[in-house]
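Quick look at my_file-v6.csv (CSV, C-alpha atoms):
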chain,number,residue,atom,x,y,z
A,275,MET,CA,-43.2,-4.2,16.6
A,276,LEU,CA,-42.0,-5.4,13.3
A,277,ALA,CA,-44.2,-4.7,10.2
A,278,ARG,CA,-43.9,-5.7,6.6
A,279,CYS,CA,-44.7,-3.3,3.7
A,280,ALA,CA,-47.2,-4.9,1.3
A,281,HIS,CA,-45.6,-3.0,-1.6
A,282,CYS,CA,-41.8,-3.4,-1.3
A,283,GLN,CA,-42.0,-6.4,1.1
A,284,LYS,CA,-39.4,-4.9,3.4
A,285,THR,CA,-39.8,-4.9,7.1
A,286,PHE,CA,-39.6,-1.9,9.4
A,287,GLU,CA,-40.1,-1.1,13.1
A,288,THR,CA,-43.2,0.8,14.2
A,289,ASP,CA,-45.0,1.4,17.5
A,290,ARG,CA,-48.5,2.0,16.3
A,291,PHE,CA,-51.3,0.5,14.1
A,292,GLY,CA,-53.2,2.2,11.3
A,293,ILE,CA,-52.2,3.8,8.1
A,294,GLN,CA,-48.6,5.0,7.9
A,295,ALA,CA,-45.9,5.5,5.3
A,296,CYS,CA,-43.3,2.8,4.6
A,297,PRO,CA,-39.8,4.2,5.4
A,298,HIS,CA,-38.3,2.2,2.5
A,299,CYS,CA,-40.6,3.0,-0.4
A,300,GLY,CA,-42.9,5.7,0.9
A,301,GLN,CA,-46.1,3.9,0.1
A,302,GLN,CA,-49.1,4.0,2.5
A,303,VAL,CA,-49.3,0.8,4.6
A,304,HIS,CA,-52.3,-0.2,6.6
A,305,LEU,CA,-51.5,-2.1,9.8
A,306,ALA,CA,-54.7,-3.6,11.2
A,307,ASP,CA,-55.0,-3.6,15.0
A,308,PRO,CA,-55.6,-7.2,16.1
A,309,SER,CA,-57.3,-6.1,19.3
A,310,ALA,CA,-59.6,-3.5,17.7
A,311,PRO,CA,-63.3,-4.3,17.4
A,312,PRO,CA,-64.7,-5.2,14.0
A,313,PRO,CA,-65.2,-2.1,11.8
A,314,VAL,CA,-68.7,-0.5,11.8
A,315,PRO,CA,-70.2,-0.4,8.3
A,316,ALA,CA,-69.8,3.1,7.0
A,317,PRO,CA,-72.9,5.2,6.4
A,318,PRO,CA,-73.8,5.8,2.8
A,319,PRO,CA,-71.9,8.7,1.3
A,320,ALA,CA,-73.7,12.0,1.6
A,321,GLY,CA,-71.9,13.4,-1.3
A,322,GLY,CA,-70.3,16.1,0.8
A,323,PRO,CA,-66.8,17.4,0.1
A,324,ALA,CA,-65.4,15.8,3.3
A,325,ALA,CA,-66.3,12.2,2.2
A,326,GLY,CA,-63.0,10.8,0.9
A,327,PRO,CA,-62.5,7.7,-1.3
A,328,PRO,CA,-62.6,4.4,0.6
A,329,PRO,CA,-59.2,2.7,1.2
A,330,PRO,CA,-58.3,0.2,-1.5
A,331,PRO,CA,-59.1,-3.4,-0.5
A,332,PRO,CA,-56.1,-5.8,-0.2
A,333,ASP,CA,-55.2,-7.5,-3.5
A,334,PRO,CA,-56.6,-11.0,-3.3
A,335,ALA,CA,-54.2,-12.2,-5.9
A,336,GLY,CA,-51.2,-11.4,-3.6
A,337,SER,CA,-48.5,-8.8,-3.8
A,338,ALA,CA,-46.0,-8.5,-6.5
A,339,ALA,CA,-42.4,-9.7,-5.8
A,340,PRO,CA,-39.8,-7.0,-6.0
A,341,VAL,CA,-38.4,-8.5,-9.2
A,342,ALA,CA,-41.9,-8.0,-10.8
A,343,ARG,CA,-41.3,-4.3,-10.2
A,344,ARG,CA,-37.8,-4.3,-11.8
A,345,ARG,CA,-38.6,-1.4,-14.1
A,346,GLU,CA,-39.5,0.7,-11.1
A,347,LEU,CA,-36.7,-0.4,-8.7
A,348,GLY,CA,-33.9,-1.3,-11.2
A,349,PHE,CA,-33.0,-4.9,-11.9
A,350,LEU,CA,-30.2,-5.3,-9.4
A,351,ARG,CA,-32.1,-3.9,-6.5
A,352,ALA,CA,-35.2,-5.8,-7.4
A,353,TRP,CA,-33.2,-9.0,-7.7
A,354,LEU,CA,-31.5,-8.5,-4.4
A,355,ASP,CA,-34.7,-7.7,-2.6
A,356,THR,CA,-36.4,-10.8,-4.1
A,357,TRP,CA,-33.4,-12.9,-3.1
A,358,LYS,CA,-33.5,-11.8,0.5
A,359,LEU,CA,-37.2,-12.5,0.8
A,360,ALA,CA,-37.2,-15.9,-1.0
A,361,ALA,CA,-34.1,-17.3,0.6
A,362,LEU,CA,-34.3,-15.9,4.1
A,363,SER,CA,-38.0,-15.7,4.9
A,364,PRO,CA,-39.7,-18.1,2.4
A,365,ALA,CA,-42.8,-18.8,4.4
A,366,GLU,CA,-43.9,-15.1,4.6
A,367,PHE,CA,-42.8,-14.4,1.0
A,368,PHE,CA,-44.5,-17.4,-0.6
A,369,ARG,CA,-47.7,-16.9,1.4
A,370,ALA,CA,-48.0,-13.3,0.1
A,371,VAL,CA,-46.5,-13.4,-3.4
A,372,ARG,CA,-48.7,-13.2,-6.5
A,373,ILE,CA,-48.7,-16.5,-8.4
A,374,SER,CA,-50.1,-15.2,-11.7
A,375,ASP,CA,-46.8,-13.6,-12.7
A,376,THR,CA,-44.9,-16.7,-13.5
A,377,GLY,CA,-42.8,-14.8,-16.0
A,378,SER,CA,-41.1,-12.8,-13.3
A,379,ALA,CA,-40.4,-16.0,-11.2
A,380,LEU,CA,-38.9,-17.7,-14.3
A,381,LEU,CA,-36.8,-14.6,-15.1
A,382,PHE,CA,-35.5,-14.6,-11.5
A,383,GLY,CA,-34.8,-18.3,-11.5
A,384,VAL,CA,-33.0,-18.3,-14.9
A,385,THR,CA,-30.9,-15.3,-13.9
A,386,THR,CA,-29.9,-16.9,-10.6
A,387,LEU,CA,-29.1,-20.3,-12.0
A,388,THR,CA,-27.2,-18.7,-15.0
A,389,VAL,CA,-25.0,-16.6,-12.8
A,390,SER,CA,-24.3,-19.5,-10.5
A,391,SER,CA,-23.5,-21.7,-13.5
A,392,TRP,CA,-21.2,-19.0,-15.0
A,393,PHE,CA,-19.2,-18.8,-11.8
A,394,GLN,CA,-18.9,-22.6,-11.6
A,395,THR,CA,-17.7,-22.8,-15.2
A,396,LEU,CA,-15.2,-20.1,-14.8
A,397,TYR,CA,-13.8,-21.6,-11.5
A,398,GLY,CA,-13.6,-24.9,-13.3
A,399,ALA,CA,-11.6,-23.4,-16.1
A,400,LEU,CA,-9.3,-21.4,-13.9
A,401,MET,CA,-8.7,-23.8,-11.0
A,402,GLY,CA,-9.3,-27.1,-12.8
A,403,ALA,CA,-6.1,-28.9,-11.8
A,404,ALA,CA,-6.3,-28.0,-8.1
A,405,THR,CA,-10.0,-28.8,-7.9
A,406,ARG,CA,-9.4,-32.2,-9.6
A,407,GLY,CA,-6.8,-33.1,-7.0
A,408,VAL,CA,-9.2,-32.4,-4.1
A,409,VAL,CA,-12.1,-34.3,-5.6
A,410,GLU,CA,-9.9,-37.3,-6.6
A,411,GLN,CA,-8.7,-37.4,-3.0
A,412,MET,CA,-12.3,-37.4,-1.8
A,413,LEU,CA,-13.4,-40.1,-4.2
A,414,ARG,CA,-10.6,-42.5,-3.1
A,415,GLN,CA,-12.5,-42.8,0.2
A,416,VAL,CA,-15.7,-44.3,-1.2
A,417,PRO,CA,-16.3,-47.7,-2.7
A,418,ARG,CA,-15.9,-47.7,-6.5
A,419,GLY,CA,-15.0,-44.0,-6.3
A,420,ASP,CA,-12.3,-44.5,-8.9
A,421,GLN,CA,-15.0,-45.4,-11.4
A,422,ILE,CA,-16.9,-42.2,-10.6
A,423,GLY,CA,-13.6,-40.3,-10.8
A,424,GLN,CA,-13.2,-41.4,-14.4
A,425,ALA,CA,-16.7,-40.1,-15.2
A,426,TRP,CA,-18.3,-36.7,-15.8
A,427,VAL,CA,-17.9,-35.5,-12.2
A,428,MET,CA,-14.2,-35.0,-12.7
A,429,ARG,CA,-14.7,-33.2,-16.0
A,430,TRP,CA,-17.4,-31.1,-14.5
A,431,VAL,CA,-15.3,-29.9,-11.6
A,432,SER,CA,-12.1,-29.5,-13.5
A,433,GLY,CA,-13.5,-27.7,-16.5
A,434,GLY,CA,-13.3,-28.8,-20.1
A,435,SER,CA,-11.8,-27.4,-23.3
A,436,ALA,CA,-12.1,-23.8,-24.2
A,437,LEU,CA,-14.9,-24.7,-26.6
A,438,ALA,CA,-16.7,-26.5,-23.9
A,439,VAL,CA,-16.4,-23.6,-21.6
A,440,VAL,CA,-17.8,-21.2,-24.2
A,441,ALA,CA,-20.6,-23.6,-24.9
A,442,GLN,CA,-21.4,-23.9,-21.2
A,443,LEU,CA,-21.5,-20.1,-20.8
A,444,PHE,CA,-23.8,-19.6,-23.7
A,445,GLY,CA,-26.0,-22.6,-23.0
A,446,ALA,CA,-26.4,-21.8,-19.3
A,447,PRO,CA,-29.7,-19.7,-19.6
A,448,PHE,CA,-31.4,-22.3,-21.8
A,449,PHE,CA,-30.3,-25.2,-19.5
A,450,ALA,CA,-31.5,-23.1,-16.5
A,451,LEU,CA,-34.9,-22.6,-18.1
A,452,ALA,CA,-35.2,-26.4,-18.8
A,453,VAL,CA,-34.2,-27.3,-15.3
A,454,LEU,CA,-36.8,-24.9,-13.8
A,455,LEU,CA,-39.6,-26.2,-16.0
A,456,VAL,CA,-38.8,-29.9,-15.5
A,457,SER,CA,-38.3,-29.6,-11.8
A,458,ALA,CA,-41.6,-27.7,-11.4
A,459,ALA,CA,-43.4,-30.4,-13.4
A,460,LEU,CA,-41.9,-33.1,-11.1
A,461,PHE,CA,-42.9,-31.3,-7.9
A,462,HIS,CA,-46.4,-30.7,-9.3
A,463,VAL,CA,-46.9,-34.3,-10.2
A,464,VAL,CA,-46.3,-35.3,-6.6
A,465,LEU,CA,-48.5,-32.5,-5.4
A,466,LEU,CA,-51.3,-33.7,-7.7
A,467,ALA,CA,-50.9,-37.3,-6.5
A,468,LEU,CA,-51.2,-36.0,-2.9
A,469,ARG,CA,-54.3,-34.0,-3.9
A,470,SER,CA,-52.4,-30.9,-2.6
A,471,ALA,CA,-52.3,-28.4,-5.5
A,472,PRO,CA,-55.4,-26.2,-4.9
A,473,ARG,CA,-53.7,-23.2,-6.5
A,474,GLY,CA,-52.5,-24.9,-9.6
A,475,PHE,CA,-49.2,-25.2,-11.5
A,476,ALA,CA,-48.7,-21.4,-11.5
A,477,ALA,CA,-48.1,-21.6,-7.7
A,478,THR,CA,-45.6,-24.5,-8.1
A,479,LEU,CA,-43.7,-22.7,-10.9
A,480,THR,CA,-43.6,-19.5,-8.9
A,481,VAL,CA,-42.1,-21.4,-5.9
A,482,VAL,CA,-39.5,-23.2,-8.0
A,483,GLY,CA,-38.5,-20.0,-9.8
A,484,TYR,CA,-38.0,-17.9,-6.6
A,485,ALA,CA,-36.6,-20.9,-4.6
A,486,SER,CA,-33.7,-20.9,-7.1
A,487,ALA,CA,-32.3,-18.0,-4.9
A,488,ALA,CA,-30.7,-20.7,-2.8
A,489,HIS,CA,-28.6,-21.9,-5.8
A,490,ILE,CA,-26.6,-18.7,-5.9
A,491,ILE,CA,-24.4,-20.2,-3.2
A,492,GLY,CA,-23.2,-22.5,-5.9
A,493,ALA,CA,-21.3,-19.5,-7.2
A,494,ALA,CA,-18.9,-19.8,-4.2
A,495,PRO,CA,-15.5,-21.1,-5.1
A,496,VAL,CA,-15.8,-24.4,-3.1
A,497,PRO,CA,-16.0,-27.3,-5.4
A,498,LEU,CA,-19.1,-29.6,-4.9
A,499,LEU,CA,-19.6,-28.5,-1.3
A,500,ALA,CA,-21.1,-25.2,-2.3
A,501,ASN,CA,-23.5,-27.0,-4.7
A,502,LEU,CA,-24.5,-29.4,-2.0
A,503,VAL,CA,-25.2,-26.6,0.5
A,504,GLY,CA,-27.2,-24.8,-2.2
A,505,PHE,CA,-29.1,-27.9,-3.0
A,506,VAL,CA,-30.1,-28.6,0.6
A,507,TRP,CA,-31.1,-25.0,1.0
A,508,TYR,CA,-33.1,-25.1,-2.2
A,509,VAL,CA,-35.0,-28.2,-1.1
A,510,ALA,CA,-35.9,-26.6,2.2
A,511,VAL,CA,-37.1,-23.4,0.5
A,512,VAL,CA,-39.1,-25.4,-2.0
A,513,ALA,CA,-40.8,-27.4,0.8
A,514,ILE,CA,-41.6,-24.3,2.8
A,515,GLY,CA,-42.6,-22.4,-0.3
A,516,LEU,CA,-44.9,-25.1,-1.7
A,517,SER,CA,-46.8,-25.4,1.6
A,518,ALA,CA,-47.2,-21.6,1.9
A,519,ALA,CA,-48.1,-21.0,-1.8
A,520,GLN,CA,-50.4,-24.0,-2.2
A,521,ARG,CA,-51.9,-23.4,1.3
A,522,ILE,CA,-51.2,-27.0,2.3
A,523,PRO,CA,-49.8,-28.6,5.5
A,524,SER,CA,-46.0,-28.5,5.8
A,525,GLY,CA,-45.7,-32.3,5.7
A,526,LYS,CA,-47.2,-32.4,2.2
A,527,GLY,CA,-44.9,-29.6,1.2
A,528,TRP,CA,-41.8,-31.6,2.4
A,529,ALA,CA,-43.1,-34.7,0.7
A,530,ALA,CA,-43.6,-32.9,-2.6
A,531,ALA,CA,-40.1,-31.4,-2.3
A,532,LEU,CA,-38.3,-34.7,-1.4
A,533,LEU,CA,-40.1,-37.4,-3.3
A,534,PRO,CA,-39.0,-36.4,-6.9
A,535,PHE,CA,-35.4,-36.6,-5.8
A,536,GLY,CA,-36.0,-40.0,-4.3
A,537,LEU,CA,-37.8,-41.3,-7.4
A,538,VAL,CA,-36.2,-39.7,-10.4
A,539,CYS,CA,-33.1,-37.7,-9.5
A,540,MET,CA,-31.1,-40.3,-7.7
A,541,CYS,CA,-28.3,-39.7,-10.1
A,542,CYS,CA,-28.0,-36.1,-9.0
A,543,CYS,CA,-28.3,-36.9,-5.3
A,544,GLY,CA,-25.7,-39.6,-5.6
A,545,ALA,CA,-23.3,-37.3,-7.5
A,546,ALA,CA,-23.6,-34.6,-5.0
A,547,GLY,CA,-23.8,-36.8,-1.9
A,548,ILE,CA,-21.0,-39.3,-2.4
A,549,PRO,CA,-18.1,-36.9,-2.3
A,550,LEU,CA,-19.5,-35.1,0.7
A,551,PHE,CA,-20.0,-38.3,2.7
A,552,ALA,CA,-16.5,-39.3,1.7
A,553,ALA,CA,-15.1,-36.0,3.0
A,554,LEU,CA,-17.1,-36.2,6.2
A,555,GLY,CA,-15.9,-39.8,6.7
A,556,ARG,CA,-12.3,-38.7,6.8
A,557,HIS,CA,-12.9,-36.5,9.8
B,30,MET,CA,-59.5,-13.0,-13.7
B,31,GLU,CA,-56.7,-15.5,-13.6
B,32,ALA,CA,-58.8,-18.1,-15.4
B,33,ALA,CA,-59.7,-15.6,-18.1
B,34,VAL,CA,-56.0,-14.8,-18.6
B,35,ARG,CA,-55.2,-18.5,-18.9
B,36,LYS,CA,-57.9,-19.0,-21.6
B,37,THR,CA,-57.0,-16.0,-23.7
B,38,ALA,CA,-53.2,-16.2,-23.5
B,39,ARG,CA,-51.9,-17.9,-26.6
B,40,VAL,CA,-48.2,-18.2,-25.6
B,41,GLY,CA,-47.2,-19.0,-22.1
B,42,VAL,CA,-45.9,-21.8,-19.9
B,43,PRO,CA,-47.5,-24.6,-21.9
B,44,GLU,CA,-45.7,-23.3,-25.0
B,45,LEU,CA,-42.3,-23.3,-23.1
B,46,PHE,CA,-42.9,-27.0,-22.3
B,47,ALA,CA,-43.7,-27.6,-26.0
B,48,LEU,CA,-40.5,-25.9,-27.0
B,49,LEU,CA,-38.6,-27.9,-24.5
B,50,ALA,CA,-40.1,-31.2,-25.8
B,51,LEU,CA,-39.3,-30.1,-29.4
B,52,ALA,CA,-35.7,-29.3,-28.3
B,53,SER,CA,-35.4,-32.8,-26.7
B,54,PHE,CA,-36.5,-34.3,-30.1
B,55,LEU,CA,-34.0,-32.3,-32.1
B,56,ALA,CA,-31.2,-33.1,-29.6
B,57,ALA,CA,-32.0,-36.8,-29.6
B,58,ARG,CA,-32.3,-36.9,-33.4
B,59,PHE,CA,-29.3,-34.9,-34.4
B,60,LEU,CA,-26.8,-34.7,-31.6
B,61,PRO,CA,-24.4,-37.6,-30.8
B,62,LEU,CA,-25.7,-37.9,-27.3
B,63,LEU,CA,-24.9,-41.6,-26.9
B,64,GLU,CA,-21.2,-40.9,-27.7
B,65,VAL,CA,-21.0,-38.6,-24.7
B,66,ASP,CA,-19.5,-40.6,-21.8
B,67,LEU,CA,-21.9,-39.8,-18.9
B,68,PRO,CA,-22.0,-42.9,-16.7
B,69,CYS,CA,-24.7,-42.8,-14.0
B,70,PRO,CA,-23.0,-42.2,-10.5
B,71,PHE,CA,-25.7,-44.3,-8.8
B,72,ARG,CA,-24.8,-47.3,-11.1
B,73,ALA,CA,-21.1,-46.6,-10.7
B,74,ALA,CA,-21.4,-46.6,-6.9
B,75,THR,CA,-23.9,-49.5,-6.4
B,76,GLY,CA,-23.7,-51.5,-9.7
B,77,LEU,CA,-27.5,-51.1,-10.0
B,78,PRO,CA,-29.5,-48.9,-12.4
B,79,CYS,CA,-31.2,-45.8,-11.0
B,80,ALA,CA,-34.8,-45.0,-11.7
B,81,SER,CA,-33.9,-42.7,-14.7
B,82,CYS,CA,-31.3,-45.0,-16.2
B,83,GLY,CA,-31.8,-45.6,-20.0
B,84,MET,CA,-33.9,-42.5,-20.5
B,85,THR,CA,-31.4,-40.8,-22.8
B,86,ARG,CA,-31.0,-44.0,-24.9
B,87,ALA,CA,-34.8,-44.4,-25.1
B,88,PHE,CA,-35.2,-40.8,-26.4
B,89,VAL,CA,-32.4,-41.2,-28.9
B,90,HIS,CA,-33.6,-44.6,-30.2
B,91,LEU,CA,-37.2,-43.3,-30.5
B,92,ALA,CA,-36.1,-40.2,-32.3
B,93,GLN,CA,-34.3,-42.4,-34.8
B,94,GLY,CA,-37.5,-44.4,-35.3
B,95,GLU,CA,-36.1,-47.5,-33.4
B,96,VAL,CA,-39.1,-48.5,-31.2
B,97,ARG,CA,-37.9,-51.8,-29.9
B,98,PRO,CA,-34.4,-50.6,-28.7
B,99,ALA,CA,-36.1,-47.6,-27.2
B,100,LEU,CA,-38.5,-49.8,-25.2
B,101,GLY,CA,-35.6,-52.0,-24.2
B,102,ALA,CA,-33.6,-49.1,-22.9
B,103,SER,CA,-36.4,-47.8,-20.7
B,104,PRO,CA,-40.1,-48.4,-21.4
B,105,LEU,CA,-41.0,-45.3,-19.3
B,106,GLY,CA,-38.4,-43.2,-21.2
B,107,ALA,CA,-39.9,-44.3,-24.6
B,108,ALA,CA,-43.4,-43.4,-23.3
B,109,LEU,CA,-42.2,-40.1,-21.9
B,110,ALA,CA,-40.5,-39.2,-25.2
B,111,LEU,CA,-43.6,-40.1,-27.3
B,112,GLY,CA,-45.9,-38.2,-24.9
B,113,ALA,CA,-43.6,-35.1,-24.9
B,114,TRP,CA,-43.4,-35.0,-28.7
B,115,VAL,CA,-47.1,-35.5,-29.3
B,116,TYR,CA,-47.8,-32.8,-26.7
B,117,ALA,CA,-45.4,-30.4,-28.5
B,118,LEU,CA,-47.2,-31.0,-31.8
B,119,LEU,CA,-50.6,-30.6,-30.3
B,120,ASP,CA,-49.7,-27.4,-28.5
B,121,LEU,CA,-48.0,-25.8,-31.5
B,122,GLY,CA,-51.1,-26.7,-33.5
B,123,ARG,CA,-53.3,-25.2,-30.8
B,124,VAL,CA,-51.3,-21.9,-30.9
B,125,ALA,CA,-51.4,-21.8,-34.7
B,126,LEU,CA,-55.2,-22.3,-34.6
B,127,GLY,CA,-55.7,-19.9,-31.7
B,128,ARG,CA,-57.6,-22.5,-29.6
B,129,ALA,CA,-57.5,-22.9,-25.8
B,130,TRP,CA,-56.7,-26.1,-24.0
B,131,PRO,CA,-59.9,-27.9,-22.9
B,132,PRO,CA,-60.2,-27.8,-19.1
B,133,ILE,CA,-59.0,-31.0,-17.4
B,134,PRO,CA,-60.8,-32.0,-14.2
B,135,GLU,CA,-58.6,-32.0,-11.1
B,136,ARG,CA,-59.6,-35.6,-10.3
B,137,ALA,CA,-58.3,-36.7,-13.7
B,138,LEU,CA,-55.0,-34.8,-13.2
B,139,ALA,CA,-54.6,-36.5,-9.8
B,140,ALA,CA,-55.2,-39.9,-11.3
B,141,ALA,CA,-52.7,-39.3,-14.1
B,142,ALA,CA,-50.1,-38.1,-11.5
B,143,ARG,CA,-50.6,-41.3,-9.4
B,144,ALA,CA,-50.4,-43.4,-12.6
B,145,GLY,CA,-47.2,-41.6,-13.5
B,146,ILE,CA,-45.5,-42.3,-10.2
B,147,ALA,CA,-46.6,-46.0,-10.3
B,148,ALA,CA,-45.2,-46.2,-13.8
B,149,ALA,CA,-41.9,-44.8,-12.6
B,150,LEU,CA,-41.7,-47.3,-9.8
B,151,LEU,CA,-42.6,-50.2,-12.1
B,152,ASN,CA,-40.1,-49.0,-14.7
B,153,TRP,CA,-37.4,-49.0,-12.0
B,154,ALA,CA,-38.4,-52.5,-10.8
B,155,TRP,CA,-38.1,-53.7,-14.4
B,156,LEU,CA,-34.6,-52.1,-14.8
B,157,LEU,CA,-33.5,-53.7,-11.5
B,158,ALA,CA,-34.9,-57.1,-12.4
B,159,ARG,CA,-33.2,-57.0,-15.8
B,160,ALA,CA,-29.9,-56.0,-14.2
B,161,ALA,CA,-30.1,-58.8,-11.6

Written as structure tokens, how would this file's structure read?
Amino acid sequence: MLARCAHCQKTFETDRFGIQACPHCGQQVHLADPSAPPPVPAPPPAGGPAAGPPPPPPDPAGSAAPVARRRELGFLRAWLDTWKLAALSPAEFFRAVRISDTGSALLFGVTTLTVSSWFQTLYGALMGAATRGVVEQMLRQVPRGDQIGQAWVMRWVSGGSALAVVAQLFGAPFFALAVLLVSAALFHVVLLALRSAPRGFAATLTVVGYASAAHIIGAAPVPLLANLVGFVWYVAVVAIGLSAAQRIPSGKGWAAALLPFGLVCMCCCGAAGIPLFAALGRH
Amino acid sequence: MEAAVRKTARVGVPELFALLALASFLAARFLPLLEVDLPCPFRAATGLPCASCGMTRAFVHLAQGEVRPALGASPLGAALALGAWVYALLDLGRVALGRAWPPIPERALAAAARAGIAAALLNWAWLLARAA
């Protein structure tokens, strides 16, 4: 059977229940046997030397994400382990993760968005002309696409002046922090309106921070399409994460993840979606 | 334990929001944001304003003390700007005095969230009606 370590969050194969060592981090893991009878209350300690300390109870606040243990694991390994858990198995991760450590979630989100933004800025600077040609071709396929083509979309994909590139590189972490805070606030407003935020803003902010893992795909050198794939992946991880972290039905999680984009972020959706539909329409 | 941490922590997520609001005021007041050519893709594609159209102009006008143009650009944007800046002042004052935020009942938060969503829809309807 497949088991997950409560300390390092990694999975491993085992054929027995009970206390055993995690093969990844070496910590003791207790796998409860679901078919075992309920435990008999232990007799009061006699004070003899054989009476060992009782096993520690599970942490009710949840387990720390690997990135929260970055000093112990090293930042790169902690980031990679967190990325794998948040992006590839969000339901299990967000159900178990500790929500009181929002600083680690914000650090992870800012790092991920910043790296993605840096790659996009550098691609824009290096391959601006080629990218511009591709996007111009796509925009010709949509109504009024020429007007959009004159706007910021073109400047964004084809890069700007050297000064603008430097400003984007330095401003990326601050912009990432602002994006995380504002998007978490928007998601939480919808959750509050749906009466679906029993664990508070800390849970929402934790989900938004770790769900940014999906945005790393925006670092791929595919103009606009990489961002769109990352965006769809991000929305899915947020929806799953909100329902798991807030302990709410998945329908409410999806509603909270999708409604802000419908209400407020239509600009972003339009900017990302129009070129894609144009590209799809050609084939 | 978590509640105790929230009460005693003096600098945290609320202060990040306060700094963000303060940065939005400084940007709206001192940067030439309206000279940046950033047309809305939704408006470019459909000819209609999106729900957040006019927000930047509302922030910039209000930061310059121009209340009527701010309300004309986006009533919700003007209200959001005013709310954000008042919140920033209150929170920075709270930190300076070492006070905790008073607890807000969940029912009041839910009512405020619903009112906010209704206000966003009304604001969009107003923008659409004006554009028609």

Based on all atoms listed in the file, which of the residues in chain B come within 9 Å of chain A? I want them as a VMD selection string. chain B and resid 31 41 to 42 45 to 46 49 66 to 75 79 to 82 135 to 136 138 to 146 149 to 150 153

One number please: CA of Val440 (chain A) to CA of Ala500 (chain A), in Å, one decimal.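 Rounded to one decimal, the two atoms are 22.5 Å apart.
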
At a cut-off of 10 Å around the point (-22.8, -17.7, -12.6) (file coordinates), what residues fall inside when counting only C-alpha atoms? I'd like the answer as a count of residues only. 21
